[in-house]
Amino acid sequence: MKAKDTMAIVKASYKRSPQWGKLAIKYMQRAEGKNGKREVPTLFNFDGAMERKEAYQVIHEAKKGSYFFRFLISPDPVKEDTNRDIFLREVTEKTMLGVEDCVGQQIQWVAATHDDHAPHRHVHVLAILPKRLQVQDLQEMRQSATEAALFQRRQRDAIYEARQKQERGKKE
């Protein structure tokens, strides 16, 4: 399966308001889980899990004039996240490395996985960027997400097939 046969979904919006960034963090942590129970997704970045106040500190420390981007990253549920088993955090990290390549510097970001209140698993990301992204940057971001998801899909499918082969060998 080639990356052009499937595509992760990447949506983006931005404002230059730190307050908007804080609202994005609140939204990330307000997800209705299965059976209507309220879930509080864990926030994370490259360094691991973080608390909401740490995320707010990242926003507070942003340089004046920064762009606060909200991204939604969602692997294709049919061709990439077939069994709802790929590691969305890893896809997010690789996608955000691609964003860093686009802007030419390391960036701060905070994310949360939403995996049980919608038919498709997805990640919300708040990224603080020094400039506005262009259409080609968003296309590259989608390509990074797709490649990361497909790489995992191939790995997981290969492991599954090897286990199936091993099980068939034991039965014979």
# chains A, B, ... in the order shown; residues from 1 in each chain; ligands from 1
call {"tool": "closest_atom_pairs", "arguments": {"of": "stretch 93-150 of chain A", "to": "stretch 23-29 of chain A", "cutoff": "8 Å", "atoms": "only C-alpha atoms", "output": "JSON lines"}}
result
{"residue": "A:Val110", "atom": "CA", "partner": "A:Ile25", "partner_atom": "CA", "distance": 8.0}
{"residue": "A:Ala111", "atom": "CA", "partner": "A:Met28", "partner_atom": "CA", "distance": 7.5}
{"residue": "A:Ala112", "atom": "CA", "partner": "A:Met28", "partner_atom": "CA", "distance": 5.9}
{"residue": "A:His124", "atom": "CA", "partner": "A:Met28", "partner_atom": "CA", "distance": 6.3}
{"residue": "A:Leu126", "atom": "CA", "partner": "A:Ala24", "partner_atom": "CA", "distance": 6.8}
call {"tool": "select_by_dssp", "arguments": {"residues": "chain A", "states": "helix (DSSP H, G or I)", "output": "count of residues only"}}
result
79
call {"tool": "select_by_dssp", "arguments": {"residues": "chain A", "states": "strand (DSSP E)", "output": "PyMOL selection string"}}
result
chain A and resi 9-15+31-32+38-39+43-45+48-50+67-74+108-114+122-129
call {"tool": "residues_around", "arguments": {"residues": "stretch 76-85 of chain A", "least_positions_apart": "5", "cutoff": "8 Å", "atoms": "only C-alpha atoms", "output": "ChimeraX atom specification"}}
result
/A:6-9,120-121,146,149-150,153
call {"tool": "atom_distance", "arguments": {"atom1": "atom CA of A:Ser144", "atom2": "atom CA of A:Val125"}}
result
14.9 Å
call {"tool": "closest_residue", "arguments": {"among": "A:Ile73, A:Val103, A:Ala127, A:Leu138", "to": "A:Val91", "atoms": "only C-alpha atoms"}}
result
A:Ile73
call {"tool": "residues_around", "arguments": {"residues": "A:Lys11", "least_positions_apart": "6", "cutoff": "9 Å", "atoms": "only C-alpha atoms", "output": "PyMOL selection string"}}
result
chain A and resi 70-74+138+142
call {"tool": "closest_residue", "arguments": {"among": "A:Trp20, A:Thr92, A:Lys64, A:Phe44", "to": "A:Glu147", "atoms": "only C-alpha atoms"}}
result
A:Thr92
call {"tool": "closest_residue", "arguments": {"among": "A:Pro75, A:Gly21, A:Phe151, A:Gln134", "to": "A:His122", "atoms": "only C-alpha atoms"}}
result
A:Pro75
